[in-house]
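Shown next: final37.cif, containing mmCIF, C-alpha atoms.
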```cif
data_start
#
loop_
_atom_site.label_atom_id
_atom_site.label_comp_id
_atom_site.auth_asym_id
_atom_site.auth_seq_id
_atom_site.Cartn_x
_atom_site.Cartn_y
_atom_site.Cartn_z
CA MET A 1 50.15 -41.20 -48.81
CA ASP A 2 49.58 -38.39 -46.33
CA GLU A 3 50.39 -35.08 -48.03
CA ASN A 4 52.09 -33.91 -44.82
CA SER A 5 54.57 -36.79 -44.91
CA ILE A 6 58.17 -35.90 -45.77
CA LEU A 7 57.97 -38.72 -48.35
CA SER A 8 55.04 -37.24 -50.27
CA LYS A 9 57.30 -35.26 -52.60
CA TYR A 10 58.94 -38.53 -53.68
CA SER A 11 55.67 -40.12 -54.80
CA ARG A 12 55.28 -41.03 -58.44
CA SER A 13 54.25 -38.28 -60.82
CA PRO A 14 53.28 -38.49 -64.51
CA LYS A 15 56.25 -39.06 -66.82
CA ILE A 16 54.37 -38.68 -70.10
CA TYR A 17 50.84 -38.01 -71.34
CA LEU A 18 49.10 -40.32 -73.80
CA ALA A 19 46.36 -39.62 -76.34
CA LEU A 20 44.43 -42.87 -76.72
CA PRO A 21 43.86 -44.16 -80.28
CA SER A 22 40.22 -44.75 -79.35
CA LYS A 23 39.93 -41.14 -78.12
CA GLY A 24 38.16 -42.57 -75.08
CA LYS A 25 35.34 -44.22 -77.03
CA PHE A 26 34.12 -47.75 -76.20
CA TYR A 27 34.75 -47.34 -72.45
CA ALA A 28 31.86 -47.62 -70.01
CA GLU A 29 33.50 -44.68 -68.21
CA SER A 30 35.64 -42.65 -70.61
CA PRO A 31 39.07 -41.84 -69.11
CA THR A 32 39.64 -38.95 -71.52
CA GLN A 33 36.64 -37.07 -70.13
CA LYS A 34 38.29 -37.12 -66.69
CA SER A 35 41.59 -35.70 -67.94
CA GLY A 36 40.34 -32.35 -69.18
CA THR A 37 42.97 -32.34 -71.94
CA GLY A 38 42.07 -35.58 -73.70
CA GLU A 39 45.44 -37.06 -72.71
CA LEU A 40 46.06 -39.53 -69.90
CA PRO A 41 48.90 -39.11 -67.37
CA ILE A 42 51.16 -42.19 -67.32
CA LEU A 43 53.11 -43.16 -64.20
CA SER A 44 56.16 -45.41 -64.06
CA MET A 45 55.84 -48.97 -62.77
CA THR A 46 56.50 -49.76 -59.13
CA ALA A 47 58.61 -52.62 -57.81
CA ARG A 48 55.36 -54.46 -57.11
CA ASP A 49 54.24 -53.98 -60.72
CA GLU A 50 57.48 -55.47 -62.04
CA LEU A 51 57.08 -58.43 -59.69
CA ILE A 52 53.55 -59.02 -61.00
CA PHE A 53 54.93 -59.27 -64.54
CA ARG A 54 57.23 -62.05 -63.35
CA THR A 55 54.36 -64.11 -61.91
CA PRO A 56 53.35 -66.80 -64.46
CA ASP A 57 49.79 -67.27 -63.17
CA ALA A 58 49.10 -63.53 -63.24
CA LEU A 59 50.42 -63.32 -66.80
CA MET A 60 48.35 -66.27 -67.94
CA ASN A 61 45.02 -65.06 -66.57
CA GLY A 62 45.59 -61.43 -67.58
CA ASP A 63 45.70 -60.07 -64.02
CA ALA A 64 49.26 -58.78 -64.51
CA VAL A 65 48.32 -56.48 -67.37
CA ALA A 66 45.15 -55.29 -65.65
CA GLU A 67 46.93 -54.55 -62.37
CA VAL A 68 49.78 -52.65 -64.03
CA ILE A 69 47.35 -50.53 -66.06
CA ARG A 70 45.43 -49.76 -62.86
CA SER A 71 48.69 -48.72 -61.17
CA CYS A 72 50.23 -46.70 -64.00
CA VAL A 73 47.16 -45.21 -65.71
CA PRO A 74 45.01 -44.08 -62.76
CA LEU A 75 42.32 -42.45 -64.92
CA ILE A 76 41.38 -45.90 -66.28
CA SER A 77 39.13 -47.14 -63.48
CA ASN A 78 38.47 -50.56 -65.02
CA PRO A 79 41.43 -51.98 -66.99
CA TRP A 80 39.36 -54.96 -68.20
CA ASP A 81 37.25 -52.43 -70.13
CA VAL A 82 40.20 -51.20 -72.24
CA PRO A 83 39.54 -51.74 -75.99
CA SER A 84 42.16 -53.74 -77.86
CA ILE A 85 43.04 -50.80 -80.12
CA ASP A 86 44.38 -48.91 -77.07
CA MET A 87 46.41 -51.73 -75.55
CA ASP A 88 49.66 -51.37 -77.52
CA SER A 89 49.77 -47.60 -76.98
CA ILE A 90 49.14 -47.96 -73.24
CA LEU A 91 51.85 -50.63 -72.80
CA ILE A 92 54.35 -48.61 -74.85
CA ALA A 93 53.60 -45.49 -72.80
CA ILE A 94 54.11 -47.40 -69.53
CA ARG A 95 57.39 -48.76 -70.86
CA ILE A 96 58.57 -45.22 -71.77
CA ALA A 97 57.57 -43.91 -68.33
CA THR A 98 59.39 -46.78 -66.61
CA THR A 99 62.60 -47.43 -68.56
CA GLY A 100 62.93 -44.72 -71.19
CA GLU A 101 62.35 -44.20 -74.89
CA GLU A 102 64.55 -46.97 -76.32
CA LEU A 103 63.66 -50.67 -76.55
CA LYS A 104 66.46 -53.11 -77.39
CA MET A 105 65.62 -56.30 -79.26
CA ASP A 106 67.53 -59.27 -80.69
CA VAL A 107 66.90 -60.96 -84.01
CA SER A 108 68.49 -64.05 -85.57
CA VAL A 109 70.23 -63.30 -88.86
CA PRO A 110 69.29 -65.77 -91.63
CA GLY A 111 72.23 -67.49 -93.31
CA THR A 112 74.45 -67.05 -90.25
CA ASP A 113 74.69 -68.21 -86.64
CA ASP A 114 74.63 -64.61 -85.42
CA THR A 115 72.02 -62.56 -83.64
CA LEU A 116 71.71 -58.83 -84.18
CA GLU A 117 70.78 -56.34 -81.49
CA PHE A 118 68.88 -53.24 -82.54
CA SER A 119 67.01 -50.42 -80.84
CA ILE A 120 63.50 -49.13 -81.39
CA ASN A 121 62.47 -45.60 -80.56
CA LEU A 122 59.21 -46.03 -78.67
CA PRO A 123 57.80 -42.48 -79.17
CA THR A 124 58.25 -43.01 -82.92
CA MET A 125 56.42 -46.31 -82.58
CA LEU A 126 53.55 -44.51 -80.83
CA ASP A 127 53.40 -41.99 -83.67
CA THR A 128 52.66 -44.79 -86.17
CA ILE A 129 49.33 -45.43 -84.43
CA LYS A 130 48.24 -41.79 -84.15
CA GLY A 131 45.50 -40.66 -86.47
CA LYS A 132 44.06 -44.13 -87.05
CA GLU A 133 40.28 -44.37 -86.92
CA TRP A 134 38.17 -47.37 -85.94
CA LYS A 135 35.49 -47.97 -88.58
CA ASP A 136 32.35 -48.66 -86.58
CA THR A 137 30.03 -49.90 -89.35
CA PHE A 138 30.21 -52.64 -91.95
CA THR A 139 27.58 -53.14 -94.65
CA TYR A 140 26.83 -56.44 -96.35
CA GLU A 141 23.99 -56.36 -98.86
CA ASP A 142 21.08 -54.74 -96.96
CA LEU A 143 22.49 -55.33 -93.46
CA THR A 144 24.58 -52.84 -91.49
CA PHE A 145 26.70 -54.13 -88.62
CA THR A 146 27.72 -51.72 -85.87
CA VAL A 147 30.99 -52.96 -84.36
CA ILE A 148 33.35 -52.21 -81.48
CA PRO A 149 36.86 -53.46 -80.67
CA LEU A 150 37.34 -56.39 -78.32
CA LYS A 151 37.84 -55.40 -74.69
CA LEU A 152 40.83 -56.63 -72.67
CA LYS A 153 38.57 -59.00 -70.72
CA ASP A 154 37.33 -60.72 -73.88
CA GLN A 155 40.68 -60.64 -75.62
CA ASN A 156 42.31 -62.31 -72.63
CA PHE A 157 39.59 -64.97 -72.55
CA PHE A 158 40.15 -65.89 -76.19
CA GLU A 159 43.92 -65.99 -75.71
CA ILE A 160 43.45 -68.49 -72.87
CA GLU A 161 41.11 -70.52 -75.09
CA SER A 162 43.75 -70.51 -77.83
CA PHE A 163 46.33 -71.75 -75.34
CA GLU A 164 43.98 -74.57 -74.31
CA THR A 165 43.49 -75.53 -77.95
CA GLN A 166 47.25 -75.73 -78.46
CA ARG A 167 47.47 -77.90 -75.36
CA PHE A 168 44.90 -80.31 -76.79
CA ILE A 169 46.84 -80.47 -80.07
CA LYS A 170 50.01 -81.43 -78.20
CA ILE A 171 48.12 -84.12 -76.29
CA MET A 172 46.88 -85.57 -79.59
CA GLN A 173 50.48 -86.12 -80.67
CA ASP A 174 50.91 -88.67 -77.89
CA GLU A 175 51.54 -92.00 -79.65
CA GLY A 176 50.05 -93.83 -76.66
CA LEU A 177 46.53 -92.51 -77.34
CA THR A 178 43.94 -94.96 -78.61
CA THR A 179 42.26 -94.21 -81.93
CA GLU A 180 38.97 -93.63 -80.14
CA LYS A 181 40.51 -91.15 -77.69
CA ARG A 182 42.30 -89.31 -80.49
CA LYS A 183 39.04 -88.92 -82.43
CA GLU A 184 37.37 -87.62 -79.28
CA LEU A 185 40.08 -85.00 -78.77
CA VAL A 186 39.95 -83.94 -82.44
CA GLN A 187 36.21 -83.38 -82.15
CA GLN A 188 36.69 -81.33 -78.97
CA VAL A 189 39.26 -79.12 -80.69
CA LEU A 190 37.04 -78.61 -83.74
CA ASP A 191 34.00 -77.81 -81.61
CA LYS A 192 35.92 -75.34 -79.43
CA ALA A 193 37.53 -73.64 -82.45
CA SER A 194 34.16 -73.29 -84.18
CA ILE A 195 32.49 -71.75 -81.13
CA ASN A 196 35.39 -69.38 -80.46
CA ASN A 197 35.45 -68.32 -84.11
CA VAL A 198 31.85 -67.15 -83.80
CA ASP A 199 32.20 -65.75 -80.27
CA VAL A 200 35.13 -63.49 -81.11
CA VAL A 201 33.08 -61.90 -83.90
CA ALA A 202 29.84 -61.76 -81.91
CA LYS A 203 31.58 -59.92 -79.04
CA GLN A 204 32.39 -57.10 -81.47
CA VAL A 205 28.92 -56.70 -83.02
CA ILE A 206 26.58 -54.56 -80.93
CA LYS A 207 23.86 -53.95 -83.51
CA ILE A 208 22.59 -55.29 -86.83
CA SER A 209 20.15 -53.13 -88.74
CA ASN A 210 18.32 -52.80 -92.05
CA ASN A 211 15.39 -50.83 -93.41
CA ASP A 212 12.97 -52.83 -91.27
CA GLY A 213 14.61 -52.08 -87.93
CA GLU A 214 17.50 -53.21 -85.75
CA GLU A 215 18.64 -56.03 -83.46
CA THR A 216 20.77 -55.31 -80.39
CA ASN A 217 20.20 -58.42 -78.26
CA PRO A 218 23.63 -60.14 -77.90
CA ALA A 219 22.08 -63.64 -77.79
CA ALA A 220 20.10 -63.01 -80.99
CA ILE A 221 23.16 -61.57 -82.73
CA LYS A 222 25.27 -64.58 -81.75
CA GLU A 223 22.59 -67.03 -82.92
CA PHE A 224 22.34 -65.19 -86.24
CA LEU A 225 26.11 -65.32 -86.76
CA MET A 226 26.20 -69.04 -85.93
CA ASN A 227 23.66 -69.78 -88.64
CA THR A 228 24.40 -67.13 -91.26
CA ASP A 229 25.81 -67.68 -94.74
CA THR A 230 29.55 -68.41 -94.66
CA LYS A 231 30.28 -65.65 -97.19
CA MET A 232 28.64 -63.03 -94.98
CA PHE A 233 30.39 -64.29 -91.84
CA THR A 234 33.79 -64.43 -93.55
CA ALA A 235 33.39 -60.93 -94.97
CA LEU A 236 32.48 -59.56 -91.53
CA ARG A 237 35.35 -61.39 -89.81
CA GLU A 238 37.89 -60.16 -92.39
CA PHE A 239 36.60 -56.60 -91.98
CA LEU A 240 37.13 -56.81 -88.21
CA ILE A 241 40.63 -58.23 -88.62
CA GLU A 242 41.60 -55.49 -91.08
CA ASN A 243 40.00 -52.83 -88.90
CA ARG A 244 42.03 -53.96 -85.87
CA SER A 245 45.28 -54.47 -87.80
CA GLN A 246 45.63 -50.77 -88.62
CA PHE A 247 46.44 -50.25 -84.92
CA ASP A 248 49.19 -52.91 -84.93
CA ILE A 249 52.83 -51.93 -84.54
CA PRO A 250 54.44 -52.09 -88.01
CA ALA A 251 57.39 -54.40 -88.62
CA GLN A 252 60.78 -52.74 -88.14
CA THR A 253 63.40 -52.61 -90.90
CA VAL A 254 66.86 -53.51 -89.57
CA GLN A 255 70.06 -52.89 -91.53
CA VAL A 256 72.39 -55.91 -91.49
CA PRO A 257 76.14 -55.21 -91.10
CA SER A 258 78.20 -55.72 -94.27
CA HIS A 259 80.34 -58.52 -92.79
CA LEU A 260 77.18 -60.59 -92.22
CA VAL A 261 75.88 -59.79 -95.69
CA GLU A 262 79.17 -61.16 -97.05
CA GLN A 263 78.40 -64.40 -95.19
CA GLY A 264 75.10 -64.75 -97.02
CA ALA A 265 72.71 -62.70 -94.90
CA PRO A 266 70.18 -60.32 -96.54
CA GLU A 267 70.99 -56.61 -96.49
CA THR A 268 67.90 -55.78 -94.41
CA LEU A 269 65.52 -57.65 -92.16
CA LYS A 270 61.83 -57.05 -91.52
CA VAL A 271 61.26 -57.72 -87.84
CA PRO A 272 57.70 -57.95 -86.46
CA VAL A 273 57.26 -56.34 -83.05
CA PHE A 274 55.08 -58.16 -80.56
CA LEU A 275 54.56 -56.61 -77.15
CA ASN A 276 55.30 -59.73 -75.14
CA ASN A 277 54.49 -58.97 -71.51
CA VAL A 278 57.10 -61.48 -70.35
CA ASN A 279 60.07 -59.52 -71.73
CA PHE A 280 58.69 -56.13 -72.75
CA PHE A 281 59.07 -54.71 -69.24
CA VAL A 282 62.27 -56.49 -68.24
#
```
So, in terms of structure tokens, how does the structure I just supplied come out?
Amino acid sequence: MDENSILSKYSRSPKIYLALPSKGKFYAESPTQKSGTGELPILSMTARDELIFRTPDALMNGDAVAEVIRSCVPLISNPWDVPSIDMDSILIAIRIATTGEELKMDVSVPGTDDTLEFSINLPTMLDTIKGKEWKDTFTYEDLTFTVIPLKLKDQNFFEIESFETQRFIKIMQDEGLTTEKRKELVQQVLDKASINNVDVVAKQVIKISNNDGEETNPAAIKEFLMNTDTKMFTALREFLIENRSQFDIPAQTVQVPSHLVEQGAPETLKVPVFLNNVNFFV
């Protein structure tokens, strides 16, 4: 907008500043280096941004998340390049800038027909991720794997693949399928799952080295992982899962009212928090 316009003073301005868990590593163009302070300014969502989050196709293909990050975190020039370990913090920060520090959620109470509403303090949630460090090497016998987190682009691809797999599984439940067709679908699901299982690991390995040298060619790394010993592959995959999980939002403990406890409900509930784009910004 033209700075001379009478409307310029009403333009969005940063509501909060966010220190990325990654500290700006793993980006092709680090946003923290542009900020000068190491923290990114976060703007509130626009009406257009909220509309994007209500568009099913944009949610499915990941465009909604990418577009909202581009709008609300201007120092991130390429949202598809955001590492997965930064995603929760960025979405929480955008939510705080847009609607405030409290997030209300509902949970069904076991042993009753009731649901319980509770509030989560989002800045406190952000604090649980601070100070975490991505471990960028994993050693198995004489091999050292240098690893990075999945990027939004890759993470979104694998989520779509997972959705397609679930779709195939539902199709297989059709009683009208012939035995031959069912076997064909089962094989397709197994093949896709096997390939994706390797791909999701291969996307996070950028180098394999030992005393004789190193390999950085992505095709060679993927081929190695496809044909390596299952114990080595499983150990690497579990390391990556554990490495990523330290950046997850911890489950929330919710106190159950006494009158529901008297009806058979537990005294407390552990509620996992998933940042569902469909309702997180509503």
Matched chain/residue IDs from the PyMOL selection byres ((chain A and resi 72-84) around 7), as a ChimeraX atom specification: /A:26-27,31,34,40-45,66,68-71,85-87,94,149-153
Result set of the PyMOL selection byres ((chain A and resi 202-216) around 8) on the coordinates above, as a tab-separated table (two decimals) with C-alpha atoms, in the coordinates of the input:
```tsv
chain	number	residue	atom	x	y	z
A	142	ASP	CA	21.08	-54.74	-96.96
A	143	LEU	CA	22.49	-55.33	-93.46
A	144	THR	CA	24.58	-52.84	-91.49
A	145	PHE	CA	26.70	-54.13	-88.62
A	146	THR	CA	27.72	-51.72	-85.87
A	147	VAL	CA	30.99	-52.96	-84.36
A	148	ILE	CA	33.35	-52.21	-81.48
A	149	PRO	CA	36.86	-53.46	-80.67
A	150	LEU	CA	37.34	-56.39	-78.32
A	154	ASP	CA	37.33	-60.72	-73.88
A	198	VAL	CA	31.85	-67.15	-83.80
A	199	ASP	CA	32.20	-65.75	-80.27
A	200	VAL	CA	35.13	-63.49	-81.11
A	201	VAL	CA	33.08	-61.90	-83.90
A	217	ASN	CA	20.20	-58.42	-78.26
A	218	PRO	CA	23.63	-60.14	-77.90
A	220	ALA	CA	20.10	-63.01	-80.99
A	221	ILE	CA	23.16	-61.57	-82.73
A	222	LYS	CA	25.27	-64.58	-81.75
A	225	LEU	CA	26.11	-65.32	-86.76
```
CA of Pro14 (chain A) to CA of Ser89 (chain A), distance in Å rounded to a single decimal: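 These two atoms are separated by 15.8 Å.
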Length of the CA of Glu101 (chain A) to CA of Gln155 (chain A) vector [Å]: 27.2 Å
Spatial neighbours of Leu116 (chain A), 7 Å, all atoms listed in the file, chain gap at least 3 places, as a ChimeraX atom specification: /A:106-109
Straight-line distance linking CA of Leu240 (chain A) with CA of Gly38 (chain A), stated in Å to one decimal: 26.2 Å
Resolved residues for the PyMOL selection byres ((chain A and resi 104) around 9) as number ranges by chain: A: 102-103, 105-106, 117-120
Distance criterion (all atoms listed in the file): nearest to Pro123 (chain A) out of A:Asn227, A:Asp63, A:Ile16, A:Lys23: A:Ile16
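Minimum distance to Phe247 (chain A) across A:Val271, A:Leu260, A:Leu20, A:Ala235 (counting all atoms listed in the file) occurs at A:Leu20.
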